[in-house]
$ cat input.txt   # compact mmCIF, N, CA and C atoms and all ligand atoms
# COMPACT_ATOMS: atom_id res chain seq x y z
N MET A 1 -19.57 29.64 -7.73
CA MET A 1 -19.75 28.54 -6.77
C MET A 1 -18.90 28.82 -5.53
N LYS A 2 -19.53 28.72 -4.36
CA LYS A 2 -18.81 28.97 -3.12
C LYS A 2 -18.56 27.63 -2.43
N LEU A 3 -17.29 27.36 -2.14
CA LEU A 3 -16.95 26.12 -1.42
C LEU A 3 -16.68 26.48 0.03
N ASP A 4 -17.37 25.83 0.94
CA ASP A 4 -17.20 26.13 2.35
C ASP A 4 -17.05 24.82 3.12
N TYR A 5 -15.80 24.37 3.25
CA TYR A 5 -15.52 23.10 3.93
C TYR A 5 -14.42 23.30 4.97
N ASP A 6 -14.47 22.49 6.00
CA ASP A 6 -13.39 22.51 6.99
C ASP A 6 -12.18 21.73 6.47
N TYR A 7 -12.46 20.66 5.73
CA TYR A 7 -11.38 19.81 5.21
C TYR A 7 -11.69 19.40 3.77
N ILE A 8 -10.63 19.30 2.97
CA ILE A 8 -10.76 18.74 1.63
C ILE A 8 -9.88 17.49 1.59
N ILE A 9 -10.49 16.35 1.31
CA ILE A 9 -9.78 15.07 1.27
C ILE A 9 -9.52 14.71 -0.19
N VAL A 10 -8.26 14.44 -0.52
CA VAL A 10 -7.93 14.04 -1.89
C VAL A 10 -7.84 12.53 -1.94
N GLY A 11 -8.79 11.90 -2.63
CA GLY A 11 -8.81 10.45 -2.79
C GLY A 11 -9.82 9.80 -1.86
N SER A 12 -10.64 8.91 -2.43
CA SER A 12 -11.69 8.24 -1.64
C SER A 12 -11.31 6.80 -1.31
N GLY A 13 -10.01 6.52 -1.29
CA GLY A 13 -9.54 5.17 -0.97
C GLY A 13 -9.67 4.88 0.52
N PHE A 14 -8.88 3.93 0.96
CA PHE A 14 -8.97 3.48 2.34
C PHE A 14 -8.76 4.63 3.34
N GLY A 15 -7.65 5.34 3.18
CA GLY A 15 -7.35 6.44 4.11
C GLY A 15 -8.35 7.57 3.99
N GLY A 16 -8.66 7.96 2.75
CA GLY A 16 -9.56 9.09 2.51
C GLY A 16 -10.97 8.85 3.03
N SER A 17 -11.49 7.65 2.79
CA SER A 17 -12.88 7.39 3.21
C SER A 17 -12.98 7.31 4.73
N VAL A 18 -12.00 6.69 5.38
CA VAL A 18 -12.04 6.59 6.85
C VAL A 18 -11.87 7.98 7.48
N SER A 19 -10.94 8.77 6.92
CA SER A 19 -10.73 10.13 7.44
C SER A 19 -12.00 10.96 7.31
N THR A 20 -12.65 10.84 6.15
CA THR A 20 -13.88 11.61 5.91
C THR A 20 -14.97 11.20 6.89
N LEU A 21 -15.11 9.90 7.10
CA LEU A 21 -16.12 9.42 8.06
C LEU A 21 -15.84 9.99 9.45
N CYS A 22 -14.58 9.88 9.91
CA CYS A 22 -14.24 10.36 11.26
C CYS A 22 -14.48 11.86 11.38
N LEU A 23 -14.08 12.63 10.36
CA LEU A 23 -14.27 14.09 10.42
C LEU A 23 -15.74 14.45 10.45
N SER A 24 -16.54 13.79 9.60
CA SER A 24 -17.97 14.15 9.57
C SER A 24 -18.67 13.70 10.85
N GLN A 25 -18.21 12.59 11.45
CA GLN A 25 -18.80 12.17 12.74
C GLN A 25 -18.51 13.19 13.84
N LYS A 26 -17.40 13.93 13.68
CA LYS A 26 -17.07 14.96 14.67
C LYS A 26 -17.73 16.30 14.33
N GLY A 27 -18.50 16.32 13.25
CA GLY A 27 -19.25 17.54 12.92
C GLY A 27 -18.58 18.45 11.92
N TYR A 28 -17.41 18.04 11.38
CA TYR A 28 -16.75 18.88 10.38
C TYR A 28 -17.39 18.66 9.02
N ARG A 29 -17.31 19.72 8.18
CA ARG A 29 -17.77 19.58 6.80
C ARG A 29 -16.56 19.19 5.95
N ALA A 30 -16.64 18.02 5.30
CA ALA A 30 -15.50 17.51 4.53
C ALA A 30 -15.91 17.28 3.08
N LEU A 31 -15.04 17.69 2.17
CA LEU A 31 -15.26 17.47 0.74
C LEU A 31 -14.26 16.41 0.27
N VAL A 32 -14.73 15.41 -0.46
CA VAL A 32 -13.83 14.38 -1.02
C VAL A 32 -13.73 14.59 -2.52
N VAL A 33 -12.51 14.67 -3.03
CA VAL A 33 -12.31 14.70 -4.49
C VAL A 33 -11.62 13.41 -4.89
N GLU A 34 -12.09 12.80 -5.97
CA GLU A 34 -11.59 11.50 -6.40
C GLU A 34 -11.34 11.53 -7.90
N LYS A 35 -10.15 11.11 -8.31
CA LYS A 35 -9.84 11.16 -9.75
C LYS A 35 -10.30 9.90 -10.47
N GLY A 36 -10.59 8.86 -9.70
CA GLY A 36 -10.90 7.57 -10.32
C GLY A 36 -12.31 7.49 -10.87
N LYS A 37 -12.55 6.39 -11.56
CA LYS A 37 -13.84 6.13 -12.16
C LYS A 37 -14.86 5.76 -11.08
N TRP A 38 -16.14 6.00 -11.33
CA TRP A 38 -17.21 5.60 -10.42
C TRP A 38 -17.60 4.17 -10.78
N TYR A 39 -17.33 3.22 -9.86
CA TYR A 39 -17.62 1.81 -10.14
C TYR A 39 -18.94 1.40 -9.52
N LYS A 40 -19.72 0.63 -10.26
CA LYS A 40 -20.93 0.03 -9.72
C LYS A 40 -20.65 -1.45 -9.50
N SER A 41 -21.52 -2.15 -8.77
CA SER A 41 -21.28 -3.56 -8.46
C SER A 41 -21.02 -4.38 -9.72
N LYS A 42 -21.75 -4.11 -10.77
CA LYS A 42 -21.62 -4.91 -11.99
C LYS A 42 -20.27 -4.68 -12.69
N ASP A 43 -19.54 -3.63 -12.31
CA ASP A 43 -18.27 -3.32 -12.96
C ASP A 43 -17.11 -4.17 -12.43
N PHE A 44 -17.29 -4.81 -11.27
CA PHE A 44 -16.20 -5.59 -10.69
C PHE A 44 -16.14 -6.99 -11.30
N ALA A 45 -14.92 -7.46 -11.58
CA ALA A 45 -14.75 -8.80 -12.13
C ALA A 45 -15.04 -9.84 -11.05
N LYS A 46 -15.75 -10.90 -11.40
CA LYS A 46 -16.01 -11.98 -10.43
C LYS A 46 -14.76 -12.84 -10.27
N THR A 47 -13.88 -12.83 -11.25
CA THR A 47 -12.63 -13.57 -11.20
C THR A 47 -11.56 -12.75 -11.92
N ASN A 48 -10.29 -12.90 -11.51
CA ASN A 48 -9.26 -12.11 -12.19
C ASN A 48 -8.87 -12.69 -13.55
N TRP A 49 -9.53 -13.79 -13.95
CA TRP A 49 -9.36 -14.27 -15.34
C TRP A 49 -10.11 -13.37 -16.30
N ASN A 50 -11.04 -12.59 -15.78
CA ASN A 50 -11.76 -11.63 -16.62
C ASN A 50 -10.90 -10.36 -16.70
N PHE A 51 -9.81 -10.45 -17.52
CA PHE A 51 -8.81 -9.38 -17.56
C PHE A 51 -9.41 -8.01 -17.86
N VAL A 52 -10.39 -7.98 -18.74
CA VAL A 52 -10.94 -6.70 -19.18
C VAL A 52 -11.60 -5.96 -18.02
N LYS A 53 -12.27 -6.72 -17.15
CA LYS A 53 -12.92 -6.06 -16.00
C LYS A 53 -11.99 -5.96 -14.81
N TRP A 54 -10.90 -6.74 -14.77
CA TRP A 54 -10.03 -6.79 -13.61
C TRP A 54 -8.87 -5.80 -13.71
N LEU A 55 -8.20 -5.77 -14.87
CA LEU A 55 -6.99 -4.95 -15.03
C LEU A 55 -7.29 -3.51 -15.41
N TRP A 56 -6.49 -2.61 -14.90
CA TRP A 56 -6.50 -1.20 -15.35
C TRP A 56 -5.34 -1.04 -16.32
N MET A 57 -5.65 -0.96 -17.61
CA MET A 57 -4.62 -0.81 -18.64
C MET A 57 -5.28 -0.03 -19.79
N PRO A 58 -5.62 1.25 -19.52
CA PRO A 58 -6.46 2.00 -20.46
C PRO A 58 -5.93 2.04 -21.88
N GLU A 59 -4.58 1.97 -22.03
CA GLU A 59 -4.04 2.04 -23.39
C GLU A 59 -4.48 0.85 -24.24
N LEU A 60 -4.82 -0.28 -23.57
CA LEU A 60 -5.31 -1.47 -24.29
C LEU A 60 -6.82 -1.68 -24.08
N ARG A 61 -7.46 -0.80 -23.40
CA ARG A 61 -8.90 -0.74 -23.13
C ARG A 61 -9.38 -1.36 -21.82
N PRO A 62 -8.66 -2.26 -21.13
CA PRO A 62 -9.21 -2.72 -19.85
C PRO A 62 -9.28 -1.57 -18.83
N PHE A 63 -10.46 -1.42 -18.21
CA PHE A 63 -10.68 -0.33 -17.25
C PHE A 63 -11.06 -0.88 -15.88
N GLY A 64 -10.43 -2.00 -15.47
CA GLY A 64 -10.75 -2.61 -14.19
C GLY A 64 -10.08 -1.90 -13.02
N ILE A 65 -10.09 -2.56 -11.84
CA ILE A 65 -9.61 -1.89 -10.63
C ILE A 65 -8.14 -2.17 -10.34
N MET A 66 -7.52 -3.16 -11.02
CA MET A 66 -6.16 -3.58 -10.65
C MET A 66 -5.12 -2.98 -11.59
N LYS A 67 -4.33 -2.04 -11.04
CA LYS A 67 -3.25 -1.47 -11.84
C LYS A 67 -1.95 -2.13 -11.44
N MET A 68 -1.19 -2.64 -12.41
CA MET A 68 0.10 -3.26 -12.11
C MET A 68 1.20 -2.35 -12.64
N THR A 69 2.19 -2.12 -11.79
CA THR A 69 3.33 -1.32 -12.20
C THR A 69 4.58 -2.18 -12.13
N TYR A 70 5.25 -2.33 -13.26
CA TYR A 70 6.45 -3.16 -13.30
C TYR A 70 7.67 -2.34 -12.89
N VAL A 71 8.49 -2.92 -12.05
CA VAL A 71 9.70 -2.23 -11.61
C VAL A 71 10.91 -3.08 -11.96
N ARG A 72 12.07 -2.44 -11.99
CA ARG A 72 13.29 -3.17 -12.29
C ARG A 72 13.51 -4.24 -11.19
N HIS A 73 14.05 -5.41 -11.49
CA HIS A 73 14.29 -6.53 -10.57
C HIS A 73 12.99 -7.22 -10.20
C1 LIG A 101 -4.93 -6.41 -4.70
C2 LIG A 101 -4.78 -5.74 -3.35
C3 LIG A 101 -5.24 -6.38 -2.22
C4 LIG A 101 -5.12 -5.81 -0.96
N1 LIG A 101 -5.59 -6.47 0.11
C5 LIG A 101 -5.52 -5.93 1.33
C6 LIG A 101 -6.05 -6.60 2.46
O1 LIG A 101 -6.62 -7.70 2.34
N2 LIG A 101 -5.93 -6.01 3.65
C7 LIG A 101 -5.30 -4.79 3.79
O2 LIG A 101 -5.24 -4.30 4.93
N3 LIG A 101 -4.79 -4.13 2.74
C8 LIG A 101 -4.87 -4.67 1.51
N4 LIG A 101 -4.34 -4.00 0.44
C9 LIG A 101 -3.64 -2.73 0.64
C10 LIG A 101 -4.63 -1.60 0.79
O3 LIG A 101 -5.57 -1.64 -0.29
C11 LIG A 101 -3.85 -0.28 0.76
O4 LIG A 101 -2.84 -0.31 1.73
C12 LIG A 101 -4.76 0.91 1.02
O5 LIG A 101 -5.84 0.93 0.09
C13 LIG A 101 -3.96 2.20 0.94
O6 LIG A 101 -4.85 3.24 1.27
P1 LIG A 101 -4.63 4.70 0.72
O7 LIG A 101 -5.77 5.55 1.24
O8 LIG A 101 -3.24 5.14 1.02
O9 LIG A 101 -4.69 4.58 -0.87
P2 LIG A 101 -5.90 4.06 -1.82
O10 LIG A 101 -6.87 3.17 -1.09
O11 LIG A 101 -5.21 3.52 -3.02
O12 LIG A 101 -6.64 5.40 -2.18
C14 LIG A 101 -6.06 6.44 -2.93
C15 LIG A 101 -7.23 7.12 -3.69
O13 LIG A 101 -6.81 8.41 -4.13
C16 LIG A 101 -7.23 8.61 -5.46
N5 LIG A 101 -6.33 9.60 -6.04
C17 LIG A 101 -5.01 9.46 -6.27
N6 LIG A 101 -4.49 10.59 -6.75
C18 LIG A 101 -5.54 11.49 -6.83
C19 LIG A 101 -5.64 12.84 -7.26
N7 LIG A 101 -4.58 13.52 -7.72
N8 LIG A 101 -6.86 13.45 -7.19
C20 LIG A 101 -7.95 12.76 -6.72
N9 LIG A 101 -7.91 11.47 -6.31
C21 LIG A 101 -6.71 10.84 -6.36
C22 LIG A 101 -7.15 7.23 -6.09
O14 LIG A 101 -7.94 7.13 -7.26
C23 LIG A 101 -7.66 6.35 -4.93
O15 LIG A 101 -9.07 6.21 -4.95
C24 LIG A 101 -4.47 -4.54 -0.84
C25 LIG A 101 -4.01 -3.88 -1.97
C26 LIG A 101 -4.15 -4.46 -3.21
C27 LIG A 101 -3.66 -3.74 -4.45
$ encode --input "input.txt" --output "structure tokens" --more "lines below"
Ligand SMILES: Cc1cc2nc3c(=O)[nH]c(=O)nc-3n(C[C@H](O)[C@H](O)[C@H](O)COP(=O)(O)OP(=O)(O)OC[C@H]3O[C@@H](n4cnc5c(N)ncnc54)[C@H](O)[C@@H]3O)c2cc1C
Amino acid sequence: MKLDYDYIIVGSGFGGSVSTLCLSQKGYRALVVEKGKWYKSKDFAKTNWNFVKWLWMPELRPFGIMKMTYVRH
């Protein structure tokens, strides 16, 4: 497989998607790599009371979009 890109963007989040759009609008070939899951509309929780669809806590099985990291204090 031959990869021929001007830019490789790591992550399709806010920064990555906007950067990719701007680069491709200027005519550059950009590749986006994303480690996250592919979400469809039905995968999003309508309310955050739906913990299973809202929280990202794979060790307990919820695979939602919200990851919480607890810090000291
Ligand atoms: C609940 C919540 C509400 C928010 N509301 C607002 C709001 O109303 N207005 C606002 O301006 N901001 C809001 N923010 C903040 C905003 O979402 C972030 O500031 C913004 O998304 C940061 O952009 P980013 O590109 O740095 O990271 P992200 O958008 O987090 O993107 C990073 C991407 O990189 C991927 N990634 C990470 N590591 C790798 C790897 N090794 N390989 C491949 N892919 C990788 C991740 O899976 C992710 O998709 C909110 C944030 C949260 C959590």
$ closest_residue --input "input.txt" --among "A:Leu31, A:Met66, A:Cys22, A:Met57" --to "ligand LIG 101 (chain A)" --atoms "only N, CA and C atoms and all ligand atoms"
A:Met66
$ residues_near_ligand --input "input.txt" --ligand "ligand LIG 101 (chain A)" --cutoff "5 Å" --atoms "all atoms listed in the file" --output "list in words"
Val10, Gly11, Ser12, Gly13, Phe14, Gly15, Gly16, Val33, Glu34, Lys35 and Gly36 of chain A
$ atom_distance --input "input.txt" --atom1 "atom CA of A:Arg29" --atom2 "atom CA of A:Tyr5"
5.1 Å
$ select_by_dssp --input "input.txt" --residues "chain A" --states "strand (DSSP E)" --output "PyMOL selection string"
chain A and resi 7-10+30-33
$ residues_around --input "input.txt" --residues "A:Leu55" --least-positions-apart "5" --cutoff "5 Å" --atoms "only N, CA and C atoms" --output "list in words"
Pro62, Phe63, Gly64, Ile65 and Met66 of chain A
$ atom_distance --input "input.txt" --atom1 "atom CA of A:Phe51" --atom2 "atom CA of A:Arg72"
23.6 Å
$ closest_residue --input "input.txt" --among "A:Ile9, A:Ala45, A:Val18, A:Val52" --to "A:Val32" --atoms "only C-alpha atoms"
A:Ile9
$ closest_residue --input "input.txt" --among "A:Thr20, A:Trp56, A:Lys46, A:Gln25" --to "A:Met68" --atoms "only C-alpha atoms"
A:Trp56
$ atom_distance --input "input.txt" --atom1 "atom CA of A:Lys67" --atom2 "atom CA of A:Ser17"
19.9 Å
$ residues_around --input "input.txt" --residues "A:Phe44" --least-positions-apart "2" --cutoff "8 Å" --atoms "all atoms listed in the file" --output "list in words"
Tyr39, Lys40, Ser41, Lys42, Lys46, Thr47, Lys53, Trp54, Gly64 and Ile65 of chain A
